[in-house]
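To be precise, the following lines are entry23.cif, and they hold mmCIF, C-alpha atoms.
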data_target
loop_
_atom_site.label_atom_id
_atom_site.label_comp_id
_atom_site.auth_asym_id
_atom_site.auth_seq_id
_atom_site.Cartn_x
_atom_site.Cartn_y
_atom_site.Cartn_z
CA MET A 51 96.22 97.56 97.73
CA VAL A 52 94.57 95.32 95.21
CA ILE A 53 97.27 93.12 93.66
CA SER A 54 96.91 90.45 91.01
CA ILE A 55 99.75 88.46 89.52
CA GLU A 56 99.80 86.64 86.22
CA LYS A 57 102.77 84.57 85.04
CA GLN A 58 104.01 84.55 81.48
CA GLY A 59 107.01 82.25 81.28
CA GLU A 60 109.66 83.70 83.56
CA THR A 61 107.90 87.07 83.82
CA ALA A 62 105.50 87.90 86.64
CA ILE A 63 103.01 90.57 85.56
CA VAL A 64 101.94 92.34 88.73
CA ALA A 65 98.91 94.61 88.44
CA ALA A 66 98.55 96.88 91.46
CA GLY A 67 95.75 99.23 92.44
CA GLY A 68 95.30 101.67 95.31
CA ARG A 69 97.85 103.69 97.25
CA LEU A 70 101.51 102.83 97.20
CA ASP A 71 102.15 104.25 100.67
CA ALA A 72 103.38 103.01 104.06
CA VAL A 73 100.42 100.62 104.17
CA GLY A 74 100.26 99.46 100.54
CA ALA A 75 103.95 99.38 99.62
CA PRO A 76 104.93 96.51 101.96
CA GLU A 77 102.14 94.40 100.41
CA LEU A 78 103.46 94.98 96.91
CA GLU A 79 107.01 94.37 98.10
CA ALA A 80 106.06 91.05 99.73
CA ARG A 81 104.10 89.82 96.69
CA GLY A 82 106.89 90.82 94.31
CA LYS A 83 109.54 89.12 96.44
CA ALA A 84 107.41 85.98 96.64
CA SER A 85 107.22 85.90 92.83
CA ILE A 86 111.00 86.15 92.60
CA GLN A 87 111.41 83.36 95.16
CA GLU A 88 108.99 81.22 93.16
CA GLY A 89 111.30 81.53 90.18
CA SER A 90 110.20 84.58 88.21
CA LYS A 91 113.21 86.26 86.65
CA ARG A 92 111.41 89.39 85.53
CA LEU A 93 108.86 91.64 87.18
CA LEU A 94 106.50 93.77 85.14
CA LEU A 95 104.60 96.14 87.41
CA ASP A 96 101.43 97.57 85.88
CA LEU A 97 100.64 100.68 87.94
CA ALA A 98 97.63 101.89 85.90
CA LYS A 99 95.39 101.83 88.97
CA VAL A 100 97.86 103.38 91.41
CA GLU A 101 96.80 106.99 92.01
CA TYR A 102 99.24 107.84 94.77
CA ILE A 103 102.81 107.05 95.75
CA SER A 104 104.84 108.25 98.74
CA SER A 105 108.50 107.79 99.61
CA ALA A 106 107.49 104.46 101.20
CA GLY A 107 106.25 103.35 97.77
CA LEU A 108 109.47 104.49 96.10
CA ARG A 109 111.42 102.59 98.72
CA SER A 110 109.56 99.34 97.98
CA LEU A 111 110.03 99.74 94.22
CA LEU A 112 113.74 100.21 94.81
CA VAL A 113 113.90 97.13 97.06
CA LEU A 114 112.13 95.02 94.39
CA ALA A 115 114.41 96.33 91.64
CA LYS A 116 117.47 95.45 93.74
CA THR A 117 116.11 92.02 94.67
CA VAL A 118 115.27 90.98 91.12
CA LYS A 119 118.56 92.33 89.81
CA ALA A 120 120.49 90.37 92.45
CA ALA A 121 118.64 87.26 91.25
CA GLY A 122 119.90 87.92 87.74
CA GLY A 123 116.68 89.39 86.36
CA GLY A 124 115.07 92.75 85.70
CA MET A 125 112.05 94.91 86.44
CA ALA A 126 109.96 97.34 84.40
CA LEU A 127 106.99 99.53 85.29
CA CYS A 128 104.20 100.55 82.96
CA SER A 129 101.05 102.63 82.64
CA LEU A 130 101.91 105.21 85.28
CA THR A 131 99.21 107.71 86.24
CA PRO A 132 100.21 111.41 86.02
CA ALA A 133 100.50 111.75 89.82
CA VAL A 134 102.81 108.74 90.08
CA ARG A 135 104.88 109.82 87.10
CA GLU A 136 105.39 113.27 88.67
CA VAL A 137 106.79 111.73 91.85
CA MET A 138 109.05 109.41 89.80
CA THR A 139 110.48 112.38 87.95
CA MET A 140 111.00 114.50 91.06
CA SER A 141 112.76 111.72 92.91
CA GLY A 142 115.04 110.89 89.97
CA PHE A 143 113.59 107.37 89.93
CA ASP A 144 112.74 107.77 86.26
CA ASN A 145 116.50 107.48 85.66
CA ILE A 146 117.05 104.25 87.54
CA LEU A 147 113.85 102.30 86.93
CA SER A 148 112.63 101.18 83.50
CA LEU A 149 109.37 102.99 82.75
CA ALA A 150 107.17 102.10 79.79
CA ALA A 151 103.91 103.42 78.36
CA ASP A 152 102.12 100.07 78.37
CA ARG A 153 102.59 96.35 79.00
CA SER A 154 103.88 95.46 75.58
CA ALA A 155 106.49 98.24 75.71
CA ALA A 156 107.48 97.06 79.20
CA MET A 157 107.82 93.50 77.89
CA GLY A 158 110.16 94.89 75.25
CA LEU A 159 112.32 96.52 77.94
CA LEU A 160 112.56 93.23 79.83
CA LYS A 161 113.70 91.14 76.86
CA MET B 1145 95.89 112.74 116.79
CA VAL B 1146 98.33 110.46 118.61
CA ASN B 1147 101.58 108.87 117.44
CA THR B 1148 100.27 105.69 115.83
CA VAL B 1149 100.16 104.72 112.17
CA ALA B 1150 96.45 103.87 112.51
CA ASP B 1151 95.67 107.37 113.77
CA GLN B 1152 97.80 108.88 111.01
CA GLN B 1153 95.76 107.01 108.38
CA ARG B 1154 92.54 108.15 110.00
CA VAL B 1155 93.67 111.80 109.98
CA MET B 1156 94.82 111.63 106.35
CA ASP B 1157 91.43 110.23 105.30
CA GLU B 1158 89.52 112.78 107.38
CA VAL B 1159 91.52 115.66 105.94
CA GLU B 1160 90.90 114.38 102.43
CA ALA B 1161 87.15 114.20 103.10
CA LEU B 1162 87.16 117.75 104.54
CA LEU B 1163 89.06 119.11 101.56
CA SER B 1164 86.71 117.29 99.16
CA ALA B 1165 83.77 118.97 100.85
CA ARG B 1166 85.45 122.33 100.14
CA SER B 1167 85.98 121.44 96.47
CA VAL B 1168 89.76 121.54 96.80
CA SER B 1169 91.44 120.26 93.60
CA SER B 1170 92.53 116.63 93.46
CA ARG B 1171 96.09 117.78 92.76
CA ARG B 1172 96.11 119.79 95.98
CA LYS B 1173 94.50 116.95 97.94
CA SER B 1174 97.17 114.61 96.70
CA ALA B 1175 99.91 117.06 97.75
CA VAL B 1176 98.36 117.45 101.22
CA ARG B 1177 98.17 113.66 101.61
CA LEU B 1178 101.82 113.34 100.61
CA ALA B 1179 102.88 116.06 103.10
CA LEU B 1180 100.90 114.47 105.96
CA ASP B 1181 102.17 111.04 104.97
CA GLU B 1182 105.86 111.97 104.90
CA LEU B 1183 105.95 114.39 107.83
CA LEU B 1184 103.75 112.44 110.26
CA SER B 1185 105.61 109.21 109.39
CA ASN B 1186 108.87 110.94 110.31
CA VAL B 1187 107.45 112.10 113.66
CA ILE B 1188 105.89 108.72 114.52
CA GLN B 1189 109.02 106.76 113.55
CA TYR B 1190 111.79 109.00 114.83
CA ALA B 1191 110.61 111.60 117.34
CA TYR B 1192 110.03 109.42 120.39
CA ASP B 1193 112.17 107.01 122.39
CA ASP B 1194 109.82 106.28 125.26
CA GLY B 1195 107.23 104.08 123.54
CA GLY B 1196 104.51 106.27 125.05
CA VAL B 1197 101.45 107.95 123.62
CA HIS B 1198 101.98 111.51 122.40
CA ARG B 1199 99.63 114.05 120.96
CA ILE B 1200 100.50 115.49 117.56
CA GLY B 1201 98.77 118.65 116.41
CA VAL B 1202 97.69 118.98 112.77
CA LYS B 1203 96.27 122.28 111.58
CA ILE B 1204 95.24 123.25 108.08
CA ASP B 1205 94.47 126.72 106.83
CA PRO B 1206 92.92 126.17 103.39
CA GLY B 1207 93.26 129.82 102.41
CA ILE B 1208 95.68 131.63 100.16
CA PRO B 1209 98.36 130.57 100.71
CA PHE B 1210 97.30 127.07 101.73
CA VAL B 1211 99.14 126.22 104.95
CA LEU B 1212 99.63 123.04 106.96
CA ALA B 1213 101.17 123.03 110.43
CA ILE B 1214 102.35 120.03 112.44
CA GLU B 1215 103.29 120.27 116.09
CA ASP B 1216 104.86 117.54 118.22
CA ASP B 1217 106.64 117.20 121.55
CA GLY B 1218 109.28 114.79 120.28
CA ARG B 1219 113.03 115.28 120.15
CA PRO B 1220 114.15 118.47 118.39
CA PHE B 1221 114.23 117.87 114.66
CA ASP B 1222 114.58 120.58 112.06
CA PRO B 1223 113.86 118.94 108.70
CA LEU B 1224 115.48 121.88 106.95
CA SER B 1225 118.89 121.30 108.48
CA ASP B 1226 118.89 117.93 110.28
CA ALA B 1227 117.67 115.70 107.42
CA PRO B 1228 120.33 113.99 105.33
CA ALA B 1229 120.57 115.15 101.71
CA PRO B 1230 118.84 112.79 99.28
CA VAL B 1231 120.87 110.71 96.85
CA LEU B 1232 119.32 111.19 93.42
CA GLU B 1233 122.01 109.82 91.14
CA GLY B 1234 123.55 106.44 90.54
CA PRO B 1235 122.42 102.93 89.55
CA VAL B 1236 119.85 100.84 91.40
CA GLU B 1237 122.47 98.90 93.36
CA ASP B 1238 123.97 102.06 94.86
CA ARG B 1239 120.83 103.99 95.69
CA PRO B 1240 120.15 104.12 99.42
CA VAL B 1241 116.70 102.97 100.42
CA GLY B 1242 114.80 105.92 101.87
CA GLY B 1243 115.59 109.55 102.63
CA LEU B 1244 113.37 110.94 99.92
CA GLY B 1245 110.27 112.18 101.71
CA LEU B 1246 111.35 115.73 102.47
CA HIS B 1247 112.98 116.08 99.09
CA LEU B 1248 109.71 115.14 97.40
CA LEU B 1249 107.81 117.82 99.29
CA ARG B 1250 110.34 120.49 98.39
CA SER B 1251 110.35 119.39 94.77
CA MET B 1252 106.59 119.94 94.69
CA GLY B 1253 107.20 123.56 95.63
CA MET B 1254 106.27 123.37 99.30
CA GLU B 1255 108.12 125.80 101.53
CA MET B 1256 108.80 124.74 105.07
CA ASP B 1257 109.72 126.69 108.14
CA TYR B 1258 110.61 125.16 111.45
CA ARG B 1259 110.78 126.43 114.98
CA ARG B 1260 111.28 124.87 118.39
CA GLU B 1261 109.05 126.42 121.01
CA LYS B 1262 108.44 125.34 124.62
CA GLY B 1263 109.76 121.85 124.00
CA ARG B 1264 107.71 121.39 120.81
CA ASN B 1265 108.65 121.10 117.16
CA ILE B 1266 106.47 123.32 115.00
CA LEU B 1267 106.73 122.76 111.27
CA ARG B 1268 104.79 124.99 108.92
CA VAL B 1269 104.35 124.01 105.29
CA VAL B 1270 103.25 126.60 102.76
CA PHE B 1271 101.88 125.08 99.54
CA PRO B 1272 102.54 126.62 96.15
CA GLY B 1273 99.69 128.52 94.48
CA GLU B 1274 97.56 126.77 91.86
#

In structure tokens, what does this structure look like?
Amino acid sequence: MVISIEKQGETAIVAAGGRLDAVGAPELEARGKASIQEGSKRLLLDLAKVEYISSAGLRSLLVLAKTVKAAGGGMALCSLTPAVREVMTMSGFDNILSLAADRSAAMGLLK
Amino acid sequence: MVNTVADQQRVMDEVEALLSARSVSSRRKSAVRLALDELLSNVIQYAYDDGGVHRIGVKIDPGIPFVLAIEDDGRPFDPLSDAPAPVLEGPVEDRPVGGLGLHLLRSMGMEMDYRREKGRNILRVVFPGE
């Protein structure tokens, strides 16, 4: 995975690229958890460059959502590719995670 | 291939390259990667107790229908009856982590049939038409 993180106040904007699978997902999970530990209350995951997600990727997204919620914050995802959106819908994750079209819409969800 | 994550990654990449050479659609390639990812991960993680090296057979028939078969000598496991049902409802806090792989494959229209033969699990996955 290629992961870059930019902080805006208490929000960590995490841009991920590559495959969110058994190899990539733990990397994203570790970086997201580190951001929460460093004090970020909100995670905004920009998945525009993620072309593939497996159940391992879903698992890590769920772990991050639980972790940030337990710390009193929230998480939103944006810019999903069609392949990733399809898996979100089939797994029912579109009902439990906040999905937005782009970063500014995701910021709105996190307010 | 053998039962290691490194070998699984190698096989998934090789299969993708082979399918690309046959001009298989990117949607189909993505579905094949997901099937290999979920099913081989299950075998590597859960089928063996002995810590040893095991051969896993992967066969693809890229015809109509498009069929993938995976064969292993691990403990008997019928994904159609032995896998726990996925939990698809409820808030983030209550959702169990995991248990979604097989559900995803079925949701994508893949049909699976399983048989146990001579101490081997044989799982056949038939992909939906395009």

Residues of chain A within 10 Å of chain B, using all atoms listed in the file, as a ChimeraX atom specification?
/A:71-73,101-113,115-117,119-120,133,136-143,145-147

Give as number ranges by chain the residues that the PyMOL selection byres ((chain B and resi 1261) around 12) matches when applied to the coordinates above.
B: 1215-1221, 1258-1260, 1262-1267

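Put simply, atom CA of Ala1213 of chain B is 22.7 Å away from atom CA of Ala1229 of chain B.
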
List the residues sitting within 6 Å of (96.4, 117.0, 117.5) in the file's frame, using all atoms listed in the file, as a VMD selection string.
chain B and resid 1145 1199 to 1202

The PyMOL selection byres ((chain A and resi 161) around 10) - which residues does that actually catch in the file I just gave you? List them as a VMD selection string.
chain A and resid 61 92 124 156 to 160

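Atom CA of Arg1154 of chain B is found 18.6 Å from atom CA of Arg1172 of chain B.
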
One decimal, in Å: what's the spacing between atom CA of Val1176 of chain B and atom CA of Ser1164 of chain B?
11.8 Å

Identify all residues satisfying the PyMOL selection byres ((chain A and resi 86) around 12) in the given file; provide them as a PyMOL selection string.
chain A and resi 55+57+60-64+79-85+87-94+114-125

Quick one: everything within 7 Å of Ile53 of chain A, counting only C-alpha atoms, minus sequence neighbours fewer than 4 positions away in the same chain. Send it as a PDB file with C-alpha atoms, in the coordinates of the input.
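The result, written out as part_35.pdb:
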ATOM      1  CA  VAL A  64     101.940  92.340  88.730  1.00  0.00           C
ATOM      2  CA  ALA A  65      98.910  94.610  88.440  1.00  0.00           C
ATOM      3  CA  ALA A  66      98.550  96.880  91.460  1.00  0.00           C
ATOM      4  CA  GLY A  67      95.750  99.230  92.440  1.00  0.00           C
TER       5      GLY A  67
END

Restricting to all atoms listed in the file, whichever of A:Glu77, A:Met51, A:Gly59, A:Ala98 is closest to Val134 of chain A is A:Ala98

Starting from the sparse input, extend segment 1200-1228 of chain B to N, CA and C atoms and give the output as an mmCIF file, in the frame of the given file.
data_model
loop_
_atom_site.group_PDB
_atom_site.id
_atom_site.type_symbol
_atom_site.label_atom_id
_atom_site.label_comp_id
_atom_site.auth_asym_id
_atom_site.auth_seq_id
_atom_site.Cartn_x
_atom_site.Cartn_y
_atom_site.Cartn_z
ATOM 1 N N ILE B 1200 99.902 114.740 118.668
ATOM 2 C CA ILE B 1200 100.500 115.490 117.560
ATOM 3 C C ILE B 1200 99.411 116.410 117.023
ATOM 4 N N GLY B 1201 99.759 117.686 116.907
ATOM 5 C CA GLY B 1201 98.770 118.650 116.410
ATOM 6 C C GLY B 1201 98.864 118.787 114.892
ATOM 7 N N VAL B 1202 97.729 118.766 114.223
ATOM 8 C CA VAL B 1202 97.690 118.980 112.770
ATOM 9 C C VAL B 1202 96.693 120.078 112.500
ATOM 10 N N LYS B 1203 97.158 121.146 111.844
ATOM 11 C CA LYS B 1203 96.270 122.280 111.580
ATOM 12 C C LYS B 1203 96.375 122.632 110.107
ATOM 13 N N ILE B 1204 95.233 122.880 109.492
ATOM 14 C CA ILE B 1204 95.240 123.250 108.080
ATOM 15 C C ILE B 1204 94.498 124.555 107.904
ATOM 16 N N ASP B 1205 95.135 125.473 107.202
ATOM 17 C CA ASP B 1205 94.470 126.720 106.830
ATOM 18 C C ASP B 1205 94.313 126.692 105.315
ATOM 19 N N PRO B 1206 93.099 126.360 104.836
ATOM 20 C CA PRO B 1206 92.920 126.170 103.390
ATOM 21 C C PRO B 1206 92.732 127.466 102.625
ATOM 22 N N GLY B 1207 93.410 128.535 103.087
ATOM 23 C CA GLY B 1207 93.260 129.820 102.410
ATOM 24 C C GLY B 1207 94.333 130.027 101.354
ATOM 25 N N ILE B 1208 94.610 131.305 101.093
ATOM 26 C CA ILE B 1208 95.680 131.630 100.160
ATOM 27 C C ILE B 1208 96.732 132.402 100.945
ATOM 28 N N PRO B 1209 97.949 131.897 101.165
ATOM 29 C CA PRO B 1209 98.360 130.570 100.710
ATOM 30 C C PRO B 1209 97.737 129.460 101.574
ATOM 31 N N PHE B 1210 97.787 128.267 101.040
ATOM 32 C CA PHE B 1210 97.300 127.070 101.730
ATOM 33 C C PHE B 1210 98.420 126.616 102.672
ATOM 34 N N VAL B 1211 98.094 126.511 103.968
ATOM 35 C CA VAL B 1211 99.140 126.220 104.950
ATOM 36 C C VAL B 1211 98.776 125.020 105.817
ATOM 37 N N LEU B 1212 99.780 124.178 106.067
ATOM 38 C CA LEU B 1212 99.630 123.040 106.960
ATOM 39 C C LEU B 1212 100.643 123.208 108.088
ATOM 40 N N ALA B 1213 100.225 122.970 109.326
ATOM 41 C CA ALA B 1213 101.170 123.030 110.430
ATOM 42 C C ALA B 1213 101.095 121.754 111.252
ATOM 43 N N ILE B 1214 102.266 121.238 111.620
ATOM 44 C CA ILE B 1214 102.350 120.030 112.440
ATOM 45 C C ILE B 1214 103.175 120.335 113.674
ATOM 46 N N GLU B 1215 102.632 119.952 114.833
ATOM 47 C CA GLU B 1215 103.290 120.270 116.090
ATOM 48 C C GLU B 1215 103.446 118.993 116.912
ATOM 49 N N ASP B 1216 104.663 118.739 117.402
ATOM 50 C CA ASP B 1216 104.860 117.540 118.220
ATOM 51 C C ASP B 1216 105.822 117.828 119.358
ATOM 52 N N ASP B 1217 105.768 116.983 120.402
ATOM 53 C CA ASP B 1217 106.640 117.200 121.550
ATOM 54 C C ASP B 1217 107.792 116.190 121.565
ATOM 55 N N GLY B 1218 108.180 115.739 120.385
ATOM 56 C CA GLY B 1218 109.280 114.790 120.280
ATOM 57 C C GLY B 1218 110.634 115.488 120.355
ATOM 58 N N ARG B 1219 111.681 114.706 120.097
ATOM 59 C CA ARG B 1219 113.030 115.280 120.150
ATOM 60 C C ARG B 1219 113.159 116.375 119.093
ATOM 61 N N PRO B 1220 114.017 117.372 119.358
ATOM 62 C CA PRO B 1220 114.150 118.470 118.390
ATOM 63 C C PRO B 1220 114.584 117.922 117.029
ATOM 64 N N PHE B 1221 113.848 118.292 116.008
ATOM 65 C CA PHE B 1221 114.230 117.870 114.660
ATOM 66 C C PHE B 1221 113.825 118.946 113.664
ATOM 67 N N ASP B 1222 114.829 119.566 113.071
ATOM 68 C CA ASP B 1222 114.580 120.580 112.060
ATOM 69 C C ASP B 1222 114.788 119.926 110.691
ATOM 70 N N PRO B 1223 113.708 119.653 109.974
ATOM 71 C CA PRO B 1223 113.860 118.940 108.700
ATOM 72 C C PRO B 1223 114.652 119.747 107.677
ATOM 73 N N LEU B 1224 114.766 121.062 107.923
ATOM 74 C CA LEU B 1224 115.480 121.880 106.950
ATOM 75 C C LEU B 1224 116.983 121.772 107.108
ATOM 76 N N SER B 1225 117.442 121.399 108.320
ATOM 77 C CA SER B 1225 118.890 121.300 108.480
ATOM 78 C C SER B 1225 119.346 119.924 108.992
ATOM 79 N N ASP B 1226 118.464 119.193 109.668
ATOM 80 C CA ASP B 1226 118.890 117.930 110.280
ATOM 81 C C ASP B 1226 118.693 116.708 109.371
ATOM 82 N N ALA B 1227 117.913 116.853 108.283
ATOM 83 C CA ALA B 1227 117.670 115.700 107.420
ATOM 84 C C ALA B 1227 118.837 115.497 106.481
ATOM 85 N N PRO B 1228 119.231 114.233 106.263
ATOM 86 C CA PRO B 1228 120.330 113.990 105.330
ATOM 87 C C PRO B 1228 119.911 114.359 103.898
#
